[in-house]
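Enquirer: Quick one: the structure is below, and I'll ask about it shortly.
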Amino acid sequence: MKKYISYLLLLSAFALSNFSAGAQSTGNPEMLVEPLAAQYFLDPYLANPAMAGLDTGLHVNLAYRHQSSGINGAPITKALTADYQLFKRVGIGMNIFNDKAGLLNNTKVAFSYAYHLPLSLNGASALHFGLSGAFIARRLDTKEVNGDVTDPDIHAFNRRDNYFEADFGMAYTLKGFTLQASLPNLVSLVKNSSTDLGIDRSVFFAATSYKINVGTELSAIEPKVCFRGIKGYDNIMDAGANFSFLNNQLNAFGMYHSTNSFSAGVGANYQSIAGFQLIYNSQTAGLSNYTSGTFEINLTLNLFRK
């Protein structure tokens with residue numbers, strides 16, 4: 001299996017090199033986008049590259065989010081992630097993220113490397129480090145233009161260079177306890193240190209959680225607190241918990257956000273191999289008069305676990 005994964009990694013690197021052939025710019029101030037709720041409990045690799053290959057086996061996650069409002073051009077977000085424990089201390093990951101709102105289409109393709117350093121002989125505690133390299137493309141969807149599609153400004157926008165970005169993350173784990181932090185958009189952070197070219201981009205992510213195993217009917221409880229920094233905006237705090245039932249076959253979670261919004265979801269797993277999760281994200285207080293929120297669907301597949 002490791003042999004095939006190595007081949008897949010080489011092919012992915014080749015595809016990335018072709019994708020980046022037109023990328024001549026580094027750094028790209030990110031849009032202010034609410035993160036997918038899957039990052040809180042189902043797919044922590046979405047928020048932190050250090051989580052790639054944290055567990056044995058291949059983990060594939062697919063996420064889809066659509067704003068519930070009937071407004072034409074409402075945001076649609078899609079993500080595909082895969083991470084694998086290549087060796088005992090090495091994990092790799094791939095993250096494809098697409099966000100479309102109106103005419104603007106953003107695509108991010110990232111590849112991650114993670115190193116897991118045990119701090120005890122039995123592996124109960126460990127430090128984790130992760131680094132992602134990503135290419136970001138922003139384009140206008142000319143098929144949705146209600147006007148003159150030959151407008152030179154439209155084509156000038158679509159001829160812009162792709163952007164290179166990097167994300168770095170760390171984590172400390174001790175049995176059920178996890179303390180983590182990540183710095184997304186490192187290139188933008190360094191490049192814009194003296195000349196501020198934009199706001200609305202993620203600056204940091206930090207979180208702490210503790211999973212408490214309980215029993216059979218109520219299998220586990222995992223409270224979690226997150227802290228997110230957005231350049232040009234107030235920092236955002238998320239707090240909530242995930243509840244697992246019937247030997248982790250069912251789960252329900254809720255997160256409250258300091259933007260006066262919340263996320264809530266339910267999910268089911270089949271023998272820890274496949275699962276799905278349905279999530280509702282209420283809208284932030286400032287936009288609650290215009291839209292009722294978003295719905296998110298997550299599918300997960302776990303293979304080759306030891």
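Letters A, B, ... mark the chains of the structure tokens in the order given; residue numbers begin at 1 per chain; ligand numbers begin at 1, in order shown.
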Could you pull the residues within 6 Å of segment 82-89 of chain A, counting only C-alpha atoms, minus those fewer than 3 positions along the same chain, as a PDB file with all heavy atoms, in the first residue's frame?
Expert:
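Output (out-v2.pdb):
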ATOM      1  N   ALA A  52      -2.287  15.878   9.477  1.00  0.00           N
ATOM      2  CA  ALA A  52      -2.203  14.915   8.384  1.00  0.00           C
ATOM      3  C   ALA A  52      -1.506  13.647   8.855  1.00  0.00           C
ATOM      4  O   ALA A  52      -0.409  13.701   9.402  1.00  0.00           O
ATOM      5  CB  ALA A  52      -1.453  15.520   7.196  1.00  0.00           C
ATOM      6  N   GLY A  53      -2.136  12.502   8.664  1.00  0.00           N
ATOM      7  CA  GLY A  53      -1.538  11.233   9.065  1.00  0.00           C
ATOM      8  C   GLY A  53      -1.442  11.047  10.550  1.00  0.00           C
ATOM      9  O   GLY A  53      -0.620  10.259  11.025  1.00  0.00           O
ATOM     10  N   THR A  56      -3.568   6.057  11.840  1.00  0.00           N
ATOM     11  CA  THR A  56      -3.186   5.114  10.803  1.00  0.00           C
ATOM     12  C   THR A  56      -4.267   5.029   9.730  1.00  0.00           C
ATOM     13  O   THR A  56      -5.450   5.266   9.982  1.00  0.00           O
ATOM     14  CB  THR A  56      -2.948   3.715  11.383  1.00  0.00           C
ATOM     15  OG1 THR A  56      -4.158   3.252  11.997  1.00  0.00           O
ATOM     16  CG2 THR A  56      -1.832   3.739  12.411  1.00  0.00           C
ATOM     17  N   GLY A  57      -3.849   4.672   8.524  1.00  0.00           N
ATOM     18  CA  GLY A  57      -4.793   4.484   7.438  1.00  0.00           C
ATOM     19  C   GLY A  57      -4.941   5.709   6.558  1.00  0.00           C
ATOM     20  O   GLY A  57      -4.307   6.746   6.753  1.00  0.00           O
ATOM     21  N   LEU A  58      -5.794   5.548   5.565  1.00  0.00           N
ATOM     22  CA  LEU A  58      -6.112   6.604   4.612  1.00  0.00           C
ATOM     23  C   LEU A  58      -7.475   7.179   4.959  1.00  0.00           C
ATOM     24  O   LEU A  58      -8.460   6.442   5.095  1.00  0.00           O
ATOM     25  CB  LEU A  58      -6.128   6.041   3.187  1.00  0.00           C
ATOM     26  CG  LEU A  58      -6.595   6.978   2.077  1.00  0.00           C
ATOM     27  CD1 LEU A  58      -5.609   8.132   1.890  1.00  0.00           C
ATOM     28  CD2 LEU A  58      -6.772   6.208   0.767  1.00  0.00           C
ATOM     29  N   HIS A  59      -7.545   8.507   5.106  1.00  0.00           N
ATOM     30  CA  HIS A  59      -8.788   9.176   5.482  1.00  0.00           C
ATOM     31  C   HIS A  59      -9.170  10.147   4.370  1.00  0.00           C
ATOM     32  O   HIS A  59      -8.397  11.051   4.035  1.00  0.00           O
ATOM     33  CB  HIS A  59      -8.621   9.921   6.800  1.00  0.00           C
ATOM     34  CG  HIS A  59      -8.028   9.081   7.892  1.00  0.00           C
ATOM     35  ND1 HIS A  59      -8.772   8.180   8.624  1.00  0.00           N
ATOM     36  CD2 HIS A  59      -6.748   8.973   8.349  1.00  0.00           C
ATOM     37  CE1 HIS A  59      -7.994   7.570   9.495  1.00  0.00           C
ATOM     38  NE2 HIS A  59      -6.761   8.033   9.350  1.00  0.00           N
ATOM     39  N   VAL A  60     -10.348   9.957   3.808  1.00  0.00           N
ATOM     40  CA  VAL A  60     -10.841  10.791   2.722  1.00  0.00           C
ATOM     41  C   VAL A  60     -12.117  11.473   3.189  1.00  0.00           C
ATOM     42  O   VAL A  60     -13.030  10.816   3.708  1.00  0.00           O
ATOM     43  CB  VAL A  60     -11.114   9.967   1.450  1.00  0.00           C
ATOM     44  CG1 VAL A  60     -11.609  10.869   0.327  1.00  0.00           C
ATOM     45  CG2 VAL A  60      -9.854   9.225   1.013  1.00  0.00           C
ATOM     46  N   ILE A  92       1.147  12.464   5.183  1.00  0.00           N
ATOM     47  CA  ILE A  92       1.006  13.320   4.012  1.00  0.00           C
ATOM     48  C   ILE A  92      -0.470  13.628   3.819  1.00  0.00           C
ATOM     49  O   ILE A  92      -1.341  12.899   4.291  1.00  0.00           O
ATOM     50  CB  ILE A  92       1.575  12.661   2.740  1.00  0.00           C
ATOM     51  CG1 ILE A  92       0.913  11.298   2.507  1.00  0.00           C
ATOM     52  CG2 ILE A  92       3.088  12.529   2.831  1.00  0.00           C
ATOM     53  CD1 ILE A  92       1.326  10.645   1.198  1.00  0.00           C
ATOM     54  N   GLY A  93      -0.754  14.717   3.121  1.00  0.00           N
ATOM     55  CA  GLY A  93      -2.139  15.090   2.914  1.00  0.00           C
ATOM     56  C   GLY A  93      -2.322  15.897   1.648  1.00  0.00           C
ATOM     57  O   GLY A  93      -1.376  16.470   1.099  1.00  0.00           O
ATOM     58  N   MET A  94      -3.548  15.910   1.168  1.00  0.00           N
ATOM     59  CA  MET A  94      -3.935  16.702   0.000  1.00  0.00           C
ATOM     60  C   MET A  94      -5.246  17.393   0.316  1.00  0.00           C
ATOM     61  O   MET A  94      -6.145  16.809   0.923  1.00  0.00           O
ATOM     62  CB  MET A  94      -4.096  15.810  -1.234  1.00  0.00           C
ATOM     63  CG  MET A  94      -4.533  16.555  -2.486  1.00  0.00           C
ATOM     64  SD  MET A  94      -4.887  15.436  -3.873  1.00  0.00           S
ATOM     65  CE  MET A  94      -6.405  14.659  -3.279  1.00  0.00           C
ATOM     66  N   TYR A 115       5.086  15.698  10.458  1.00  0.00           N
ATOM     67  CA  TYR A 115       6.003  14.838  11.217  1.00  0.00           C
ATOM     68  C   TYR A 115       5.479  14.725  12.639  1.00  0.00           C
ATOM     69  O   TYR A 115       5.179  15.738  13.281  1.00  0.00           O
ATOM     70  CB  TYR A 115       7.422  15.411  11.227  1.00  0.00           C
ATOM     71  CG  TYR A 115       8.422  14.489  11.883  1.00  0.00           C
ATOM     72  CD1 TYR A 115       8.924  13.390  11.199  1.00  0.00           C
ATOM     73  CD2 TYR A 115       8.853  14.703  13.189  1.00  0.00           C
ATOM     74  CE1 TYR A 115       9.834  12.529  11.791  1.00  0.00           C
ATOM     75  CE2 TYR A 115       9.760  13.849  13.789  1.00  0.00           C
ATOM     76  CZ  TYR A 115      10.245  12.762  13.077  1.00  0.00           C
ATOM     77  OH  TYR A 115      11.135  11.899  13.676  1.00  0.00           O
ATOM     78  N   HIS A 116       5.368  13.491  13.129  1.00  0.00           N
ATOM     79  CA  HIS A 116       4.809  13.224  14.449  1.00  0.00           C
ATOM     80  C   HIS A 116       5.913  12.678  15.353  1.00  0.00           C
ATOM     81  O   HIS A 116       6.435  11.588  15.122  1.00  0.00           O
ATOM     82  CB  HIS A 116       3.656  12.230  14.332  1.00  0.00           C
ATOM     83  CG  HIS A 116       2.643  12.627  13.286  1.00  0.00           C
ATOM     84  ND1 HIS A 116       1.808  13.708  13.441  1.00  0.00           N
ATOM     85  CD2 HIS A 116       2.369  12.102  12.063  1.00  0.00           C
ATOM     86  CE1 HIS A 116       1.037  13.829  12.371  1.00  0.00           C
ATOM     87  NE2 HIS A 116       1.359  12.865  11.521  1.00  0.00           N
TER      88      HIS A 116
END
Enquirer: Give me the residues within 9 Å of Asn61 of chain A as a PDB file with N, CA and C atoms, in the first residue's frame, counting only C-alpha atoms and dropping any in the same chain fewer than 4 places off.
Expert:
ATOM      1  N   LEU A  42     -14.835  16.467  12.721  1.00  0.00           N
ATOM      2  CA  LEU A  42     -14.770  15.395  11.730  1.00  0.00           C
ATOM      3  C   LEU A  42     -13.456  15.363  10.978  1.00  0.00           C
ATOM      4  N   ASP A  43     -12.960  16.530  10.563  1.00  0.00           N
ATOM      5  CA  ASP A  43     -11.766  16.594   9.714  1.00  0.00           C
ATOM      6  C   ASP A  43     -10.849  17.724  10.182  1.00  0.00           C
ATOM      7  N   ALA A  79     -15.031  20.927  -0.746  1.00  0.00           N
ATOM      8  CA  ALA A  79     -13.674  20.583  -0.310  1.00  0.00           C
ATOM      9  C   ALA A  79     -13.485  19.070  -0.374  1.00  0.00           C
ATOM     10  N   LEU A  80     -12.308  18.671  -0.788  1.00  0.00           N
ATOM     11  CA  LEU A  80     -11.903  17.270  -0.782  1.00  0.00           C
ATOM     12  C   LEU A  80     -10.553  17.186  -0.092  1.00  0.00           C
ATOM     13  N   THR A  81     -10.470  16.405   0.983  1.00  0.00           N
ATOM     14  CA  THR A  81      -9.198  16.215   1.672  1.00  0.00           C
ATOM     15  C   THR A  81      -8.886  14.735   1.772  1.00  0.00           C
ATOM     16  N   ALA A  82      -7.615  14.426   1.784  1.00  0.00           N
ATOM     17  CA  ALA A  82      -7.155  13.049   1.982  1.00  0.00           C
ATOM     18  C   ALA A  82      -5.836  13.109   2.735  1.00  0.00           C
ATOM     19  N   ASN A 298     -21.186  16.347   4.833  1.00  0.00           N
ATOM     20  CA  ASN A 298     -19.838  15.787   4.864  1.00  0.00           C
ATOM     21  C   ASN A 298     -19.895  14.267   4.742  1.00  0.00           C
ATOM     22  N   LEU A 299     -19.044  13.731   3.897  1.00  0.00           N
ATOM     23  CA  LEU A 299     -18.897  12.299   3.731  1.00  0.00           C
ATOM     24  C   LEU A 299     -17.465  11.923   4.074  1.00  0.00           C
ATOM     25  N   THR A 300     -17.263  10.809   4.755  1.00  0.00           N
ATOM     26  CA  THR A 300     -15.912  10.403   5.150  1.00  0.00           C
ATOM     27  C   THR A 300     -15.702   8.922   4.887  1.00  0.00           C
ATOM     28  N   LEU A 301     -14.462   8.549   4.560  1.00  0.00           N
ATOM     29  CA  LEU A 301     -14.104   7.168   4.290  1.00  0.00           C
ATOM     30  C   LEU A 301     -12.751   6.893   4.926  1.00  0.00           C
ATOM     31  N   ASN A 302     -12.666   5.833   5.724  1.00  0.00           N
ATOM     32  CA  ASN A 302     -11.424   5.445   6.419  1.00  0.00           C
ATOM     33  C   ASN A 302     -11.008   4.052   5.962  1.00  0.00           C
TER      34      ASN A 302
END
Enquirer: Each residue of segment 111-165 of chain A lying at most 6 Å from segment 172-184 of chain A should get a row with its shortest atom-to-atom pair and the distance in Å to one decimal, counting only C-alpha atoms; could you produce that, ordered by chain and increasing number, as a tab-separated table?
Expert:
residue	atom	partner	partner_atom	distance
A:Ala124	CA	A:Lys175	CA	5.5
A:Ser125	CA	A:Leu174	CA	4.2
A:Ala126	CA	A:Thr173	CA	5.5
A:Leu127	CA	A:Tyr172	CA	4.7
Enquirer: Find the residues around segment 235-243 of chain A up to 9 Å (only C-alpha atoms counted), leave out those fewer than 6 positions away in its own chain, and share them as a ChimeraX atom specification.
Expert: /A:41,207,209,211,218-229,250-259,262
Enquirer: For each of A:Asn162, A:Thr142, A:Asn260, A:Ser112, take the minimum atom-to-atom distance to Val90 of chain A, counting only C-alpha atoms, then give the residue where this is smallest.
Expert: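 For Val90 of chain A, the nearest of the given residues is A:Ser112.
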Enquirer: Name the closest residue to Phe97 of chain A among the candidates A:Leu303, A:Leu131, A:Ala268, A:Val109; distances are taken between atoms, counting only C-alpha atoms.
Expert: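 Between A:Leu303, A:Leu131, A:Ala268, A:Val109, the residue approaching Phe97 of chain A most closely is A:Val109.
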Enquirer: Using DSSP assignments from the backbone, pull out every residue in segment 106-296 of chain A that falls under helix (DSSP H, G or I) and give it to me as an MDAnalysis selection string.
Expert: chainID A and resid 142:144 152:158 186:191 285:287
Enquirer: Given the selection you just returned, output its residues as a file containing all heavy atoms, formatted as a CSV table (one decimal), in the first residue's frame.
Expert:
chain,number,residue,atom,x,y,z
A,142,THR,N,-17.3,33.4,-16.6
A,142,THR,CA,-17.8,34.2,-17.8
A,142,THR,C,-19.2,33.6,-18.2
A,142,THR,O,-20.0,34.4,-18.8
A,142,THR,CB,-16.9,34.1,-19.0
A,142,THR,OG1,-16.6,32.8,-19.3
A,142,THR,CG2,-15.5,34.8,-18.6
A,143,LYS,N,-19.5,32.4,-17.9
A,143,LYS,CA,-20.8,31.8,-18.3
A,143,LYS,C,-21.9,32.5,-17.5
A,143,LYS,O,-23.1,32.4,-17.9
A,143,LYS,CB,-20.8,30.3,-18.1
A,143,LYS,CG,-19.8,29.5,-18.9
A,143,LYS,CD,-20.1,28.1,-18.8
A,143,LYS,CE,-19.8,27.5,-17.4
A,143,LYS,NZ,-18.4,27.7,-17.0
A,144,GLU,N,-21.6,33.0,-16.3
A,144,GLU,CA,-22.6,33.7,-15.5
A,144,GLU,C,-22.7,35.2,-15.6
A,144,GLU,O,-23.5,35.8,-14.9
A,144,GLU,CB,-22.3,33.3,-14.0
A,144,GLU,CG,-22.3,31.8,-13.7
A,144,GLU,CD,-23.7,31.2,-13.8
A,144,GLU,OE1,-24.7,31.9,-13.6
A,144,GLU,OE2,-23.8,30.0,-14.1
A,152,PRO,N,-12.9,43.9,-21.6
A,152,PRO,CA,-11.5,43.6,-21.4
A,152,PRO,C,-11.1,43.4,-19.9
A,152,PRO,O,-10.1,42.7,-19.6
A,152,PRO,CB,-10.7,44.8,-22.1
A,152,PRO,CG,-11.8,45.8,-22.2
A,152,PRO,CD,-13.1,45.1,-22.4
A,153,ASP,N,-11.8,44.1,-19.0
A,153,ASP,CA,-11.5,44.0,-17.6
A,153,ASP,C,-11.8,42.5,-17.1
A,153,ASP,O,-11.1,42.0,-16.2
A,153,ASP,CB,-12.4,44.9,-16.8
A,153,ASP,CG,-11.9,46.4,-17.0
A,153,ASP,OD1,-10.8,46.6,-17.4
A,153,ASP,OD2,-12.8,47.3,-16.8
A,154,ILE,N,-12.8,41.9,-17.7
A,154,ILE,CA,-13.1,40.5,-17.3
A,154,ILE,C,-11.9,39.6,-17.7
A,154,ILE,O,-11.4,38.8,-16.9
A,154,ILE,CB,-14.4,40.0,-17.9
A,154,ILE,CG1,-15.6,40.8,-17.3
A,154,ILE,CG2,-14.6,38.5,-17.7
A,154,ILE,CD1,-16.9,40.4,-18.0
A,155,HIS,N,-11.5,39.7,-18.9
A,155,HIS,CA,-10.4,38.9,-19.4
A,155,HIS,C,-9.1,39.2,-18.7
A,155,HIS,O,-8.2,38.4,-18.5
A,155,HIS,CB,-10.3,39.0,-20.9
A,155,HIS,CG,-11.5,38.5,-21.6
A,155,HIS,ND1,-11.7,37.1,-21.8
A,155,HIS,CD2,-12.5,39.1,-22.1
A,155,HIS,CE1,-12.8,36.9,-22.5
A,155,HIS,NE2,-13.4,38.1,-22.7
A,156,ALA,N,-8.9,40.5,-18.3
A,156,ALA,CA,-7.7,40.9,-17.6
A,156,ALA,C,-7.6,40.2,-16.3
A,156,ALA,O,-6.6,39.8,-15.8
A,156,ALA,CB,-7.6,42.4,-17.5
A,157,PHE,N,-8.8,40.2,-15.6
A,157,PHE,CA,-8.9,39.5,-14.3
A,157,PHE,C,-8.5,38.0,-14.4
A,157,PHE,O,-7.8,37.5,-13.6
A,157,PHE,CB,-10.3,39.7,-13.7
A,157,PHE,CG,-10.4,39.2,-12.3
A,157,PHE,CD1,-10.3,40.0,-11.2
A,157,PHE,CD2,-10.8,37.9,-12.1
A,157,PHE,CE1,-10.4,39.5,-9.9
A,157,PHE,CE2,-10.9,37.4,-10.8
A,157,PHE,CZ,-10.7,38.2,-9.7
A,158,ASN,N,-9.1,37.4,-15.4
A,158,ASN,CA,-8.9,35.9,-15.6
A,158,ASN,C,-7.4,35.6,-16.1
A,158,ASN,O,-7.0,34.4,-16.0
A,158,ASN,CB,-9.9,35.4,-16.5
A,158,ASN,CG,-11.3,35.2,-15.9
A,158,ASN,OD1,-11.4,35.3,-14.7
A,158,ASN,ND2,-12.3,35.1,-16.7
A,186,LEU,N,1.1,32.0,5.2
A,186,LEU,CA,2.4,32.5,5.7
A,186,LEU,C,3.0,33.4,4.7
A,186,LEU,O,3.6,34.4,5.0
A,186,LEU,CB,3.3,31.3,6.0
A,186,LEU,CG,3.1,30.6,7.3
A,186,LEU,CD1,4.0,29.4,7.4
A,186,LEU,CD2,3.4,31.6,8.5
A,187,VAL,N,2.9,33.1,3.4
A,187,VAL,CA,3.6,34.0,2.4
A,187,VAL,C,3.0,35.4,2.4
A,187,VAL,O,3.7,36.4,2.3
A,187,VAL,CB,3.4,33.3,1.0
A,187,VAL,CG1,4.0,34.2,-0.1
A,187,VAL,CG2,4.1,31.9,1.0
A,188,SER,N,1.6,35.4,2.5
A,188,SER,CA,1.0,36.8,2.5
A,188,SER,C,1.4,37.5,3.8
A,188,SER,O,1.6,38.7,3.7
A,188,SER,CB,-0.5,36.6,2.5
A,188,SER,OG,-1.0,36.1,1.3
A,189,LEU,N,1.5,36.8,4.9
A,189,LEU,CA,1.9,37.4,6.1
A,189,LEU,C,3.3,38.1,6.0
A,189,LEU,O,3.5,39.2,6.4
A,189,LEU,CB,1.9,36.4,7.3
A,189,LEU,CG,2.2,36.9,8.7
A,189,LEU,CD1,1.2,37.9,9.1
A,189,LEU,CD2,2.3,35.8,9.7
A,190,VAL,N,4.3,37.3,5.4
A,190,VAL,CA,5.6,37.8,5.3
A,190,VAL,C,5.7,38.9,4.2
A,190,VAL,O,6.3,40.0,4.4
A,190,VAL,CB,6.6,36.7,5.0
A,190,VAL,CG1,8.0,37.2,4.7
A,190,VAL,CG2,6.6,35.7,6.1
A,191,LYS,N,5.1,38.7,3.1
A,191,LYS,CA,5.1,39.6,2.0
A,191,LYS,C,4.5,41.0,2.3
A,191,LYS,O,5.0,42.0,1.9
A,191,LYS,CB,4.4,39.0,0.8
A,191,LYS,CG,4.5,39.9,-0.5
A,191,LYS,CD,3.8,39.2,-1.6
A,191,LYS,CE,3.8,40.1,-2.9
A,191,LYS,NZ,3.1,39.5,-4.0
A,285,ALA,N,-24.7,37.6,13.0
A,285,ALA,CA,-25.7,38.6,13.4
A,285,ALA,C,-25.9,39.6,12.3
A,285,ALA,O,-27.0,40.1,12.0
A,285,ALA,CB,-25.4,39.2,14.7
A,286,GLY,N,-24.8,40.1,11.7
A,286,GLY,CA,-24.9,41.2,10.8
A,286,GLY,C,-25.6,40.8,9.5
A,286,GLY,O,-26.1,41.7,8.8
A,287,LEU,N,-25.7,39.5,9.1
A,287,LEU,CA,-26.3,39.1,7.9
A,287,LEU,C,-27.6,38.3,8.1
A,287,LEU,O,-28.2,37.8,7.1
A,287,LEU,CB,-25.3,38.3,7.0
A,287,LEU,CG,-24.1,39.0,6.6
A,287,LEU,CD1,-23.1,38.1,5.9
A,287,LEU,CD2,-24.4,40.2,5.7
Enquirer: Any idea what the distance is between atom CA of Glu34 of chain A and atom CA of Asp141 of chain A?
Expert: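 About the pair atom CA of Glu34 of chain A and atom CA of Asp141 of chain A: they are 21.8 Å apart.
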Enquirer: When you look at Ile279 of chain A with a cut-off of 9 Å (counting only C-alpha atoms), what residues show up, excluding the ones that are within fewer than 6 positions of it in the same chain? I need them as a PDB file with N, CA and C atoms, in the first residue's frame.
Expert:
ATOM      1  N   ALA A  37     -17.596  23.616   8.893  1.00  0.00           N
ATOM      2  CA  ALA A  37     -17.753  23.127  10.263  1.00  0.00           C
ATOM      3  C   ALA A  37     -17.125  21.758  10.461  1.00  0.00           C
ATOM      4  N   ALA A  38     -16.810  21.066   9.374  1.00  0.00           N
ATOM      5  CA  ALA A  38     -16.168  19.755   9.486  1.00  0.00           C
ATOM      6  C   ALA A  38     -14.813  19.842  10.164  1.00  0.00           C
ATOM      7  N   ARG A  65     -21.128  22.698   0.978  1.00  0.00           N
ATOM      8  CA  ARG A  65     -21.917  23.665   1.733  1.00  0.00           C
ATOM      9  C   ARG A  65     -22.604  24.632   0.775  1.00  0.00           C
ATOM     10  N   SER A 263     -23.189  26.522  14.953  1.00  0.00           N
ATOM     11  CA  SER A 263     -23.168  25.378  14.046  1.00  0.00           C
ATOM     12  C   SER A 263     -23.646  24.162  14.819  1.00  0.00           C
ATOM     13  N   ALA A 264     -24.493  23.356  14.187  1.00  0.00           N
ATOM     14  CA  ALA A 264     -25.000  22.152  14.835  1.00  0.00           C
ATOM     15  C   ALA A 264     -25.121  21.054  13.797  1.00  0.00           C
ATOM     16  N   GLY A 265     -24.765  19.827  14.193  1.00  0.00           N
ATOM     17  CA  GLY A 265     -24.810  18.740  13.233  1.00  0.00           C
ATOM     18  C   GLY A 265     -25.026  17.395  13.872  1.00  0.00           C
ATOM     19  N   VAL A 266     -25.454  16.443  13.059  1.00  0.00           N
ATOM     20  CA  VAL A 266     -25.628  15.048  13.466  1.00  0.00           C
ATOM     21  C   VAL A 266     -24.976  14.175  12.410  1.00  0.00           C
ATOM     22  N   GLY A 267     -24.520  12.992  12.829  1.00  0.00           N
ATOM     23  CA  GLY A 267     -23.850  12.114  11.887  1.00  0.00           C
ATOM     24  C   GLY A 267     -23.970  10.665  12.287  1.00  0.00           C
ATOM     25  N   THR A 294     -26.535  28.407   6.283  1.00  0.00           N
ATOM     26  CA  THR A 294     -26.028  27.470   5.284  1.00  0.00           C
ATOM     27  C   THR A 294     -26.212  26.033   5.762  1.00  0.00           C
ATOM     28  N   PHE A 295     -26.324  25.137   4.800  1.00  0.00           N
ATOM     29  CA  PHE A 295     -26.372  23.709   5.072  1.00  0.00           C
ATOM     30  C   PHE A 295     -25.101  23.064   4.542  1.00  0.00           C
ATOM     31  N   GLU A 296     -24.572  22.128   5.315  1.00  0.00           N
ATOM     32  CA  GLU A 296     -23.310  21.476   4.964  1.00  0.00           C
ATOM     33  C   GLU A 296     -23.467  19.958   5.066  1.00  0.00           C
ATOM     34  N   ILE A 297     -22.942  19.263   4.073  1.00  0.00           N
ATOM     35  CA  ILE A 297     -22.955  17.801   4.046  1.00  0.00           C
ATOM     36  C   ILE A 297     -21.518  17.310   3.992  1.00  0.00           C
ATOM     37  N   ASN A 298     -21.186  16.347   4.833  1.00  0.00           N
ATOM     38  CA  ASN A 298     -19.838  15.787   4.864  1.00  0.00           C
ATOM     39  C   ASN A 298     -19.895  14.267   4.742  1.00  0.00           C
TER      40      ASN A 298
END
Enquirer: DSSP on the backbone: which residues in segment 136-250 of chain A end up as strand (DSSP E)? Give the answer as a tab-separated table (two decimals) with C-alpha atoms, in the first residue's frame.
Expert:
chain	number	residue	atom	x	y	z
A	136	ILE	CA	-4.61	29.48	-5.39
A	137	ALA	CA	-6.46	30.48	-8.56
A	138	ARG	CA	-9.13	33.18	-8.71
A	139	ARG	CA	-11.26	33.50	-11.81
A	140	LEU	CA	-14.53	35.08	-12.94
A	162	ASN	CA	-2.04	32.05	-9.75
A	163	TYR	CA	-0.72	32.55	-6.22
A	164	PHE	CA	1.53	30.41	-4.06
A	165	GLU	CA	0.77	30.10	-0.35
A	166	ALA	CA	2.01	28.11	2.63
A	167	ASP	CA	0.39	27.01	5.89
A	168	PHE	CA	2.19	25.85	9.03
A	169	GLY	CA	0.74	24.03	12.02
A	170	MET	CA	1.73	22.43	15.32
A	171	ALA	CA	-0.08	20.28	17.87
A	172	TYR	CA	0.51	18.54	21.17
A	173	THR	CA	-1.49	15.43	22.07
A	174	LEU	CA	-1.67	13.53	25.35
A	177	PHE	CA	-6.09	16.02	25.18
A	178	THR	CA	-5.16	18.09	22.10
A	179	LEU	CA	-3.62	21.56	21.96
A	180	GLN	CA	-2.99	22.95	18.49
A	181	ALA	CA	-2.24	26.09	16.51
A	182	SER	CA	-1.74	26.93	12.86
A	183	LEU	CA	-0.62	29.91	10.79
A	202	SER	CA	-6.94	34.33	8.19
A	203	VAL	CA	-4.05	35.15	10.50
A	204	PHE	CA	-4.04	32.25	12.98
A	205	PHE	CA	-6.05	29.35	14.33
A	206	ALA	CA	-5.73	27.85	17.82
A	207	ALA	CA	-7.79	25.18	19.56
A	208	THR	CA	-7.84	22.94	22.59
A	209	SER	CA	-10.02	19.90	23.21
A	210	TYR	CA	-10.30	16.91	25.50
A	212	ILE	CA	-13.61	11.87	27.53
A	213	ASN	CA	-14.54	8.23	27.03
A	218	LEU	CA	-22.93	7.65	25.50
A	219	SER	CA	-19.52	6.68	24.14
A	220	ALA	CA	-17.57	9.92	24.48
A	221	ILE	CA	-17.81	13.66	25.06
A	222	GLU	CA	-15.30	16.04	23.48
A	223	PRO	CA	-15.54	19.72	24.48
A	224	LYS	CA	-13.54	22.11	22.30
A	225	VAL	CA	-12.62	25.80	22.26
A	226	CYS	CA	-11.17	27.50	19.17
A	227	PHE	CA	-9.71	30.96	18.61
A	228	ARG	CA	-9.50	32.39	15.09
A	229	GLY	CA	-7.77	35.57	13.98
A	230	ILE	CA	-8.93	37.50	10.89
A	236	ILE	CA	-13.52	35.00	16.70
A	237	MET	CA	-14.00	32.40	19.44
A	238	ASP	CA	-15.79	29.07	18.92
A	239	ALA	CA	-16.90	26.87	21.82
A	240	GLY	CA	-18.89	23.64	21.88
A	241	ALA	CA	-18.76	19.88	22.19
A	242	ASN	CA	-19.18	16.66	20.23
A	243	PHE	CA	-21.20	13.75	21.70
A	244	SER	CA	-20.71	10.19	20.45
A	245	PHE	CA	-23.28	7.44	21.01
A	250	LEU	CA	-23.77	8.12	16.02
